[in-house]
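Enquirer: Attaching a single structure in structure tokens format; questions to follow.
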Amino acid sequence: MIKNLLEIYNLNIRFMSDQETVNAVRDVSITLRSGEVLGVVGESGAGKSTIGNAIVNLLDFPGEIVKGKVIFEGQNLVGMDDKTMRTIRGKKIGMIFQDPQTSLNPIMTIGNQLIETIKFTKEIDYVSAYNEAIELLESVDIDNPKLRMKSYPHQFSGGMRQRVVIALSLAGNPDLIIADEPTTALDVSVQSQILELIKSLCKKRDLGVIIITHDIGVIANIADRVTVMYNGSIVETGKVRQVLLNPKHDYTKSLIAAVPRSDIKLKRFESIDFIEGNTHRNKRINLDNHWLGEKLNQKKSAKAISVFELNKEFILKKAFFLKNRVNLKAVNNVSFEINKGESFGIVGESGSGKSTIARLIAGLIKVDTGSIKIFDQEVVNNKNKKEIINAQRDVQMIFQDPYSSLNPRMRVQDIIAEPIKFYKTASNYNEIREIVSDLLNHVGINDNALLKYPSQFSGGQRQRISIARALASRPKILICDEPTSSLDVSVQAHVLNLLKDLQDELGLTILFISHDLPVIRHMCDRVAVMRKGKICEINTTDSIFEKPKHSYTKELLSLIPKIESIN
Amino acid sequence: MSLIVFFMINFVGDPVDMLVNPESLPEEIERVRKDFGLDQPAHIQYWKFLQGAMNGNLGNSFIFGRPALALIVERFPATLELATCALIIAIIVGLPLGIFAGLKPNSFGTRIIMSSSVLGISIPTFWLGLMMIIVFSVILGWLPVSGRGEIGSFLGIQSSLFTYDGLLHLIMPATNLALFKIAMVIRLARAGTEEVMSFDFIKFARARGLPSKRIVRFHLLPNILIPIVTVLAIEFGTLIAFATVTETIFAWPGLGKLVIDAIINLDRPIVVAYLMFVVTLFLILNLIVDIMYAFLDPRVRVKGEDQ
Amino acid sequence: MSEIKLISENKINIGTNSKILLRKFTRPSTLISLGLLFLIIFCALFASILAPTNPYDLKVVSILDSRLSPGDKMLNGTVAWLGTDGAGRDVLSAIIFGLRTSLVVAISSAVIALIVGLFVGLIAGFYGGKIDAFLMRIVDIQLSFPAILVALVLLALLGKGIDKVIIALAIVQWAIYARTVRAAAIVERNKEYIQAASCLGLSNSLIIWKHLLPNSISPLIVLATLQTAHSISIEATLSFLGVGVPITEPSLGSLISNGFDFILSGAYWITFFPGLMLLATVAAINIFGDQLRIILNPRVNR
């Protein structure tokens with residue numbers, strides 16, 4: 001029988017402050033063998049990162065292990081003193097953290113960081129450490145390692161930096177690697193390379209690897225076994241195939257059902273009610289006599305938005321002389337049209353200019369050149385301010401970060417009432433109250449919320465409040481800029497369902513912006529693929545996903561981690 | 001800049017009032033006004049001033065009757081000596097205390113350090129100076145009350161640092177001047193330490209098994225020094241300005257005393273010359289900061305590929 | 001830096017956290033500083049009732065009482081608990097009256113500077129671009145000169161008088177407020193709720209007033225406290241140097257300055273007690289400000 005590399009028994013971790021006690025991890029038991037990749041998956045607050053930190057005794061204050069054992073190579077790590085622990089950290093167990101931007105000392109060359117680590121973990125002299133550092137960089141596929149030794153972290157791209165981080169955690173020849181969301185901060189194209197690298201290193205060096213992630217796609221791609229965590233406890237453990245394809249626990253079922261798929265287009269996410277509960281709205285409104293229906297069908301134009309040869313440049317570096325200035329063409333000669341009642345998606349990696357387009361259309365930033373028409377009304381360089389204001393009022397935006405998109409010092413009822421008061425669409429105070437509470441119920445929030453502040457709500461609830469606020473000015477077009485990218489998948493599924501329901505009901509036109517291809521597939525009728533400020537390809541969603549024409553689209557599609565891939 | 005200083009100083013208040021006896025005849029006042037060129041229109045005065053400034057001539061002192069700039073340059077070494085010593089004391093004392101407080105936020109030592117730093121920031125410098133004189137000079141009789149003491153020469157530099165007597169004279173004013181800055185350095189160092197220690201790269205360094213001493217020395221210290229050095233270089237200018245108070249108390253023959261008297265007597269050329277001098281000093285300090293910044297921070301020195 | 005963090009992570013919530021806030025307010029150091037502060041303000045408000053004698057009533061003050069040691073009896077029978085100064089005034093009474101002058105100067109200059117700084121900072125932070133560059137250039141120039149120096153020169157030009165001191169201190173301080181507000185406003189301005197507000201079509205002035213101002217103001221609470229302490233110190237220093245408030249209405253600084261001539265002769269009390277009062281006042285405000293910073297910064301909570 002093969003001996004286990006790591007065995008965790010009944011681990012309990014608690015965070016105690018003078019205000020409250022949080023039991024972050026409850027009775028968690030995990031085993032891992034050499035050469036095996038174990039995925040620990042769960043949504044935020046599940047306690048998955050806490051376990052990783054607890055193994056090497058790096059819990060943030062005031063976290064403490066209350067009960068349980070961590071047996072690593074026959075030794076119990078719980079309660080071990082710091083000096084002995086140092087012989088384990090780096091030498092036996094390596095860690096990889098989420099954000100390669102902050103994992104490296106910014107003012108020390110990566111060569112020195114490597115050499116320092118090798119010298120301390122292996123107790124060898126400078127010259128051998130230097131040679132070994134170069135070998136390490138080679139093994140994580142960094143070109144020209146001799147030259148790169150003299151570089152500082154900021155001279156590397158995000159993906160390269162994560163490679164350096166991996167090299168550093170391998171420096172002491174550990175037997176176990178704990179990777180905490182190692183690809184979350186990276187673009188998809190880089191993510192798949194890093195996962196590939198971790199996988200191959202694991203095989204080559206016969207390492208045990210624990211990958212902690214919120215992303216089921218990552219698990220499907222890399223892990224042998226998976227442990228699903230919810231609210232501090234393990235709900236299910238097993239082979240990846242078995243857990244993902246045939247989940248036993250209700251939470252796992254709900255979680256997997258909530259993951260958007262890139263292979264088929266679903267109408268709605270079904271059976272995802274484990275966490276937020278049933279938020280189906282039972283009352284559909286009659287648009288003929290309801291206030292939301294007024295004015296809705298007045299605009300006759302078939303084109304909701306027409307964008308023609310739009311350009312926007314940002315100054316990256318200011319300089320007195322023009323030739324020294326560095327400009328970024330965020331939006332480069334972009335044209336497209338969105339039909340009334342359609343869901344139009346823009347997809348691209350970070351820095352592709354997709355959010356800039358959203359902001360240009362919403363009138364938040366100024367257009368350099370080009371034309372934007374909202375229901376045939378030109379809004380660029382229009383002298384008639386009133387026409388612009390009227391046109392812009394039809395366009396409302398839902399933002400990415402639910403934590404900053406609501407004014408923290410206003411009550412929910414005031415936040416939603418603001419546009420109503422501003423446009424004077426209600427005649428008296430009671431009417432305003434009625435509309436506000438109606439709107440909230442409509443997005444699945446009950447009346448208790450009225451007097452509360454945004455900080456008392458979860459991310460998903462806040463996003464619902466944002467949607468209610470946007471609806472309060474009775475828009476015909478909703479721009480959604482990555483509306484769910486900072487939410488957990490199950491919450492994302494609920495918000496996406498809500499958006500779809502609203503669209504069906506109110507006949508809204510939606511411009512949906514996301515980096516996430518499966519989400520785009522789920523939400524949109526037509527899609528534009530953007531790269532470096534330009535549109536590569538516009539087509540119907542099905543054509544883009546089934547028969548991509550542009551090489552970049554093909555590349556993006558091939559890189560998505562898919563649950564389906566384990567089939 | 002020179003415009004702002006010149007006009008601000010020159011067109012509020014009338015120095016002639018200070019120069020002549022209030023009971024003098026109007027003719028006499030006119031004569032004085034002519035002598036000093038104060039009867040000419042503003043722009044001509046400014047033009048003359050600028051011409052002079054180009055040649056290093058900022059006008060003669062109304063009181064001393066000597067070139068203002070010469071007076072300033074003459075007095076400057078004493079102030080520089082005082083301010084430099086104060087800065088060095090502030091760094092030597094403040095930095096280790098601040099780092100300690102940042103590393104062990106809940107220890108007893110930290111509480112003492114932080115309470116003393118609040119005290120250090122709150123205590124009125126001039127009053128403390130007076131109390132020091134009472135305790136160390138009047139009651140104990142250990143240290144001299146005032147003056148700069150004997151001046152020694154070493155490698156051609158004249159300074160009271162090189163004689164025993166000079167050092168005795170220097171201790172009280174320098175400590176007095178340093179006190180406020182010590183408290184500031186402690187706070188800066190503590191805030192920096194707390195911030196840097198919370199960064200992932202420190203956690204990663206610990207996860208790689210590096211010893212704590214090495215982490216503090218090579219990962220923490222260089223990172224917190226960047227903001228501290230920047231702030232301190234700028235604060236050096238404040239030290240020179242604050243030396244006016246300390247110099248008044250300890251009768252230290254530096255710039256401060258000269259300027260206070262000039263301000264009270266409306267001796268414009270000295271005030272203008274002093275301000276121009278301080279502005280130049282600030283420009284030089286800013287330049288030094290930029291150079292040090294590039295030296296300490298590779299992110300400024302070396303350009304990134306992807307940013 | 002710390003100010004920016006303070007507001008960006010500032011999600012204080014009065015409803016649920018009031019208990020925690022209350023517990024923090026009842027820490028010993030906060031309570032002591034707060035108590036001391038109230039006592040000081042009380043003394044300053046009711047100076048004419050509390051002081052044993054009126055030190056500026058020439059009918060009462062007698063030169064024969066000059067330089068009495070603490071505890072001695074004055075001619076009219078009152079005990080001079082803290083001694084008398086060179087002109088025969090009761091030091092204790094002079095301190096209580098001086099305190100009032102010091103506080104009036106510091107608080108009114110802080111209020112003026114705060115209003116000006118708030119206005120400039122919000123405008124600069126919200127509009128950005130050239131307006132911001134222009135305003136911040138002025139702020140930078142102002143801040144590149146040490147406060148004490150600017151105040152000295154201003155007072156030399158303006159002349160003596162309490163109003164002049166207040167104006168000078170306000171001019172010295174507005175730039176710090178402006179810079180802090182601007183930093184906070186820029187952080188808030190880039191948050192999505194401001195963009196959402198402009199998406200709704202709200203006018204700029206309405207966005208600044210209803211959204212930007214309430215969210216940018218919290219770092220100012222701490223700053224205003226610490227700045228008030230600072231301006232008490234500066235005013236005292238100026239008065240000590242002889243360019244501050246007039247002798248007819250001495251502040252704590254002028255009292256210390258009075259005693260400067262007597263320290264070598266051993267009459268320490270004329271400088272010592274006013275200085276102690278000054279220290280206590282400034283320290284109480286500073287400690288309170290520090291506690292306020294901790295209380296208002298949720299980062300420390302966790």
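Residues are named by chain letter and number: chains run A, B, ... in the order of the structure tokens, numbers start at 1 in each chain, and ligands are numbered from 1 in the order shown.
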Pick out each residue of stretch 286-464 of chain A that DSSP on the backbone tags as strand (DSSP E or B); I need them as a PyMOL selection string.
Expert: chain A and resi 303-317+326-339+343-347+369-374+377-378+395-398
Enquirer: What's the 8 Å shell around A:Lys532, counting only C-alpha atoms, without same-chain residues fewer than 5 positions away, as a ChimeraX atom specification?
Expert: /A:329-331,351-353
Enquirer: When you draw a straight line from atom CA of C:Ser205 to atom CA of C:Leu122, how long is it in Å?
Expert: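 Rounded to one decimal, the two atoms are 10.5 Å apart.
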Enquirer: In Å to one decimal, how far is atom CA of A:Pro62 from atom CA of A:Ser233?
Expert: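 Separating atom CA of A:Ser233 from atom CA of A:Pro62 is a distance of 19.9 Å.
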Enquirer: Please, what distance in Å, to one decimal, runs between atom CA of C:Thr271 and atom CA of C:Ser102?
Expert: 15.9 Å
Enquirer: Find the residues of chain A in contact range of chain B, meaning any atom within 6 Å when counting only C-alpha atoms, and list them as a ChimeraX atom specification.
Expert: /A:86,89-90,102-105,107,154-155
Enquirer: How would the residues just picked look written out with C-alpha atoms as a CSV table (one decimal), in the first residue's frame?
Expert:
```
chain,number,residue,atom,x,y,z
A,86,ARG,CA,11.0,26.5,9.3
A,89,ARG,CA,8.4,25.4,5.1
A,90,GLY,CA,10.0,25.7,1.7
A,102,THR,CA,2.2,41.0,-4.8
A,103,SER,CA,4.0,37.7,-4.1
A,104,LEU,CA,7.4,38.9,-5.0
A,105,ASN,CA,9.5,41.6,-3.3
A,107,ILE,CA,12.8,45.9,-5.1
A,154,HIS,CA,7.9,44.5,-12.5
A,155,GLN,CA,9.7,43.7,-15.6
```
Enquirer: Hey, list the chain A side of the contact with chain C: 6 Å cut-off, only C-alpha atoms, answer as a list in words.
Expert: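 Therefore, the residues near the partner are Ser404, Ser405, Leu406 and Asn407 of chain A.
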Enquirer: If DSSP is run on the backbone, what residues of stretch 100-212 of chain C are alpha helix (DSSP H)? A reply as a PyMOL selection string would be ideal.
Expert: chain C and resi 100-127+129-144+147-158+162-189+192-199+204-207
Enquirer: Residues of chain C within 10 Å of chain B, counting only C-alpha atoms - could you list those as a PyMOL selection string?
Expert: chain C and resi 1-2+141+144-150+152-159+226+229-230+232-234+236-238+240-243+253+256-257+259-260+263-268+271-272+274-276+278-287+290
Enquirer: Can you pull out the residues contacting A:Phe512? Cut-off 10 Å, using only C-alpha atoms, and skip same-chain residues under 4 positions away; I want them as a PyMOL selection string.
Expert: chain A and resi 343-347+354+358+398+478-483+519-520+523-524+527
Enquirer: Include N, CA, C and O atoms and write out the residues we just selected as an mmCIF file, in the first residue's frame.
Expert:
```
data_model
loop_
_atom_site.group_PDB
_atom_site.id
_atom_site.type_symbol
_atom_site.label_atom_id
_atom_site.label_comp_id
_atom_site.auth_asym_id
_atom_site.auth_seq_id
_atom_site.Cartn_x
_atom_site.Cartn_y
_atom_site.Cartn_z
ATOM 1 N N SER A 343 -29.885 40.759 -26.979
ATOM 2 C CA SER A 343 -28.763 40.707 -26.041
ATOM 3 C C SER A 343 -27.493 40.668 -26.853
ATOM 4 O O SER A 343 -27.248 39.699 -27.561
ATOM 5 N N PHE A 344 -26.703 41.716 -26.741
ATOM 6 C CA PHE A 344 -25.480 41.772 -27.531
ATOM 7 C C PHE A 344 -24.304 41.650 -26.581
ATOM 8 O O PHE A 344 -24.216 42.360 -25.580
ATOM 9 N N GLY A 345 -23.378 40.745 -26.864
ATOM 10 C CA GLY A 345 -22.245 40.543 -25.969
ATOM 11 C C GLY A 345 -20.955 41.091 -26.554
ATOM 12 O O GLY A 345 -20.752 41.068 -27.765
ATOM 13 N N ILE A 346 -20.089 41.619 -25.688
ATOM 14 C CA ILE A 346 -18.728 41.945 -26.124
ATOM 15 C C ILE A 346 -17.798 41.141 -25.229
ATOM 16 O O ILE A 346 -17.871 41.222 -23.999
ATOM 17 N N VAL A 347 -16.939 40.329 -25.814
ATOM 18 C CA VAL A 347 -16.052 39.490 -25.027
ATOM 19 C C VAL A 347 -14.609 39.796 -25.386
ATOM 20 O O VAL A 347 -14.301 40.146 -26.519
ATOM 21 N N LYS A 354 -13.151 46.616 -23.958
ATOM 22 C CA LYS A 354 -14.598 46.338 -23.935
ATOM 23 C C LYS A 354 -15.325 47.225 -22.935
ATOM 24 O O LYS A 354 -16.411 47.740 -23.235
ATOM 25 N N ALA A 358 -18.381 50.394 -23.241
ATOM 26 C CA ALA A 358 -19.565 50.525 -22.395
ATOM 27 C C ALA A 358 -19.667 51.938 -21.844
ATOM 28 O O ALA A 358 -20.728 52.568 -21.873
ATOM 29 N N ILE A 398 -25.164 48.578 -15.309
ATOM 30 C CA ILE A 398 -24.925 47.751 -14.121
ATOM 31 C C ILE A 398 -23.427 47.527 -14.070
ATOM 32 O O ILE A 398 -22.821 47.128 -15.058
ATOM 33 N N LEU A 478 -29.976 48.285 -21.159
ATOM 34 C CA LEU A 478 -29.149 48.053 -19.974
ATOM 35 C C LEU A 478 -27.756 47.671 -20.439
ATOM 36 O O LEU A 478 -27.607 46.751 -21.244
ATOM 37 N N ILE A 479 -26.752 48.395 -19.934
ATOM 38 C CA ILE A 479 -25.378 47.981 -20.213
ATOM 39 C C ILE A 479 -24.871 47.253 -18.985
ATOM 40 O O ILE A 479 -24.846 47.823 -17.894
ATOM 41 N N CYS A 480 -24.488 45.993 -19.141
ATOM 42 C CA CYS A 480 -23.991 45.230 -18.005
ATOM 43 C C CYS A 480 -22.500 45.019 -18.193
ATOM 44 O O CYS A 480 -22.086 44.284 -19.088
ATOM 45 N N ASP A 481 -21.685 45.704 -17.357
ATOM 46 C CA ASP A 481 -20.237 45.596 -17.497
ATOM 47 C C ASP A 481 -19.725 44.579 -16.488
ATOM 48 O O ASP A 481 -19.577 44.902 -15.311
ATOM 49 N N GLU A 482 -19.460 43.376 -16.929
ATOM 50 C CA GLU A 482 -19.007 42.293 -16.058
ATOM 51 C C GLU A 482 -19.853 42.222 -14.787
ATOM 52 O O GLU A 482 -19.308 42.236 -13.678
ATOM 53 N N PRO A 483 -21.166 42.121 -14.925
ATOM 54 C CA PRO A 483 -22.005 42.279 -13.728
ATOM 55 C C PRO A 483 -21.832 41.163 -12.711
ATOM 56 O O PRO A 483 -22.212 41.327 -11.553
ATOM 57 N N VAL A 519 -20.311 32.504 -19.886
ATOM 58 C CA VAL A 519 -21.365 33.429 -19.475
ATOM 59 C C VAL A 519 -21.943 34.136 -20.691
ATOM 60 O O VAL A 519 -23.149 34.297 -20.836
ATOM 61 N N ILE A 520 -21.070 34.549 -21.590
ATOM 62 C CA ILE A 520 -21.506 35.209 -22.824
ATOM 63 C C ILE A 520 -22.415 34.268 -23.622
ATOM 64 O O ILE A 520 -23.474 34.658 -24.100
ATOM 65 N N MET A 523 -25.789 34.194 -22.083
ATOM 66 C CA MET A 523 -26.611 35.402 -22.039
ATOM 67 C C MET A 523 -26.976 35.996 -23.396
ATOM 68 O O MET A 523 -27.962 36.703 -23.512
ATOM 69 N N CYS A 524 -26.118 35.790 -24.416
ATOM 70 C CA CYS A 524 -26.226 36.676 -25.576
ATOM 71 C C CYS A 524 -26.802 36.030 -26.830
ATOM 72 O O CYS A 524 -26.675 34.833 -27.052
ATOM 73 N N VAL A 527 -22.579 38.203 -30.582
ATOM 74 C CA VAL A 527 -21.361 38.492 -29.827
ATOM 75 C C VAL A 527 -20.334 39.198 -30.703
ATOM 76 O O VAL A 527 -20.194 38.879 -31.887
#
```
Enquirer: Can you pull out every residue within 10 Å of A:Ser458, counting only C-alpha atoms, but drop anything in the same chain fewer than 4 positions away, and send it as a list in words?
Expert: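 With the cut-off at 10 Å, the set is Pro402, Tyr403, Pro454, Arg462, Gln463, Arg464, Leu487 and Val491 of chain A.
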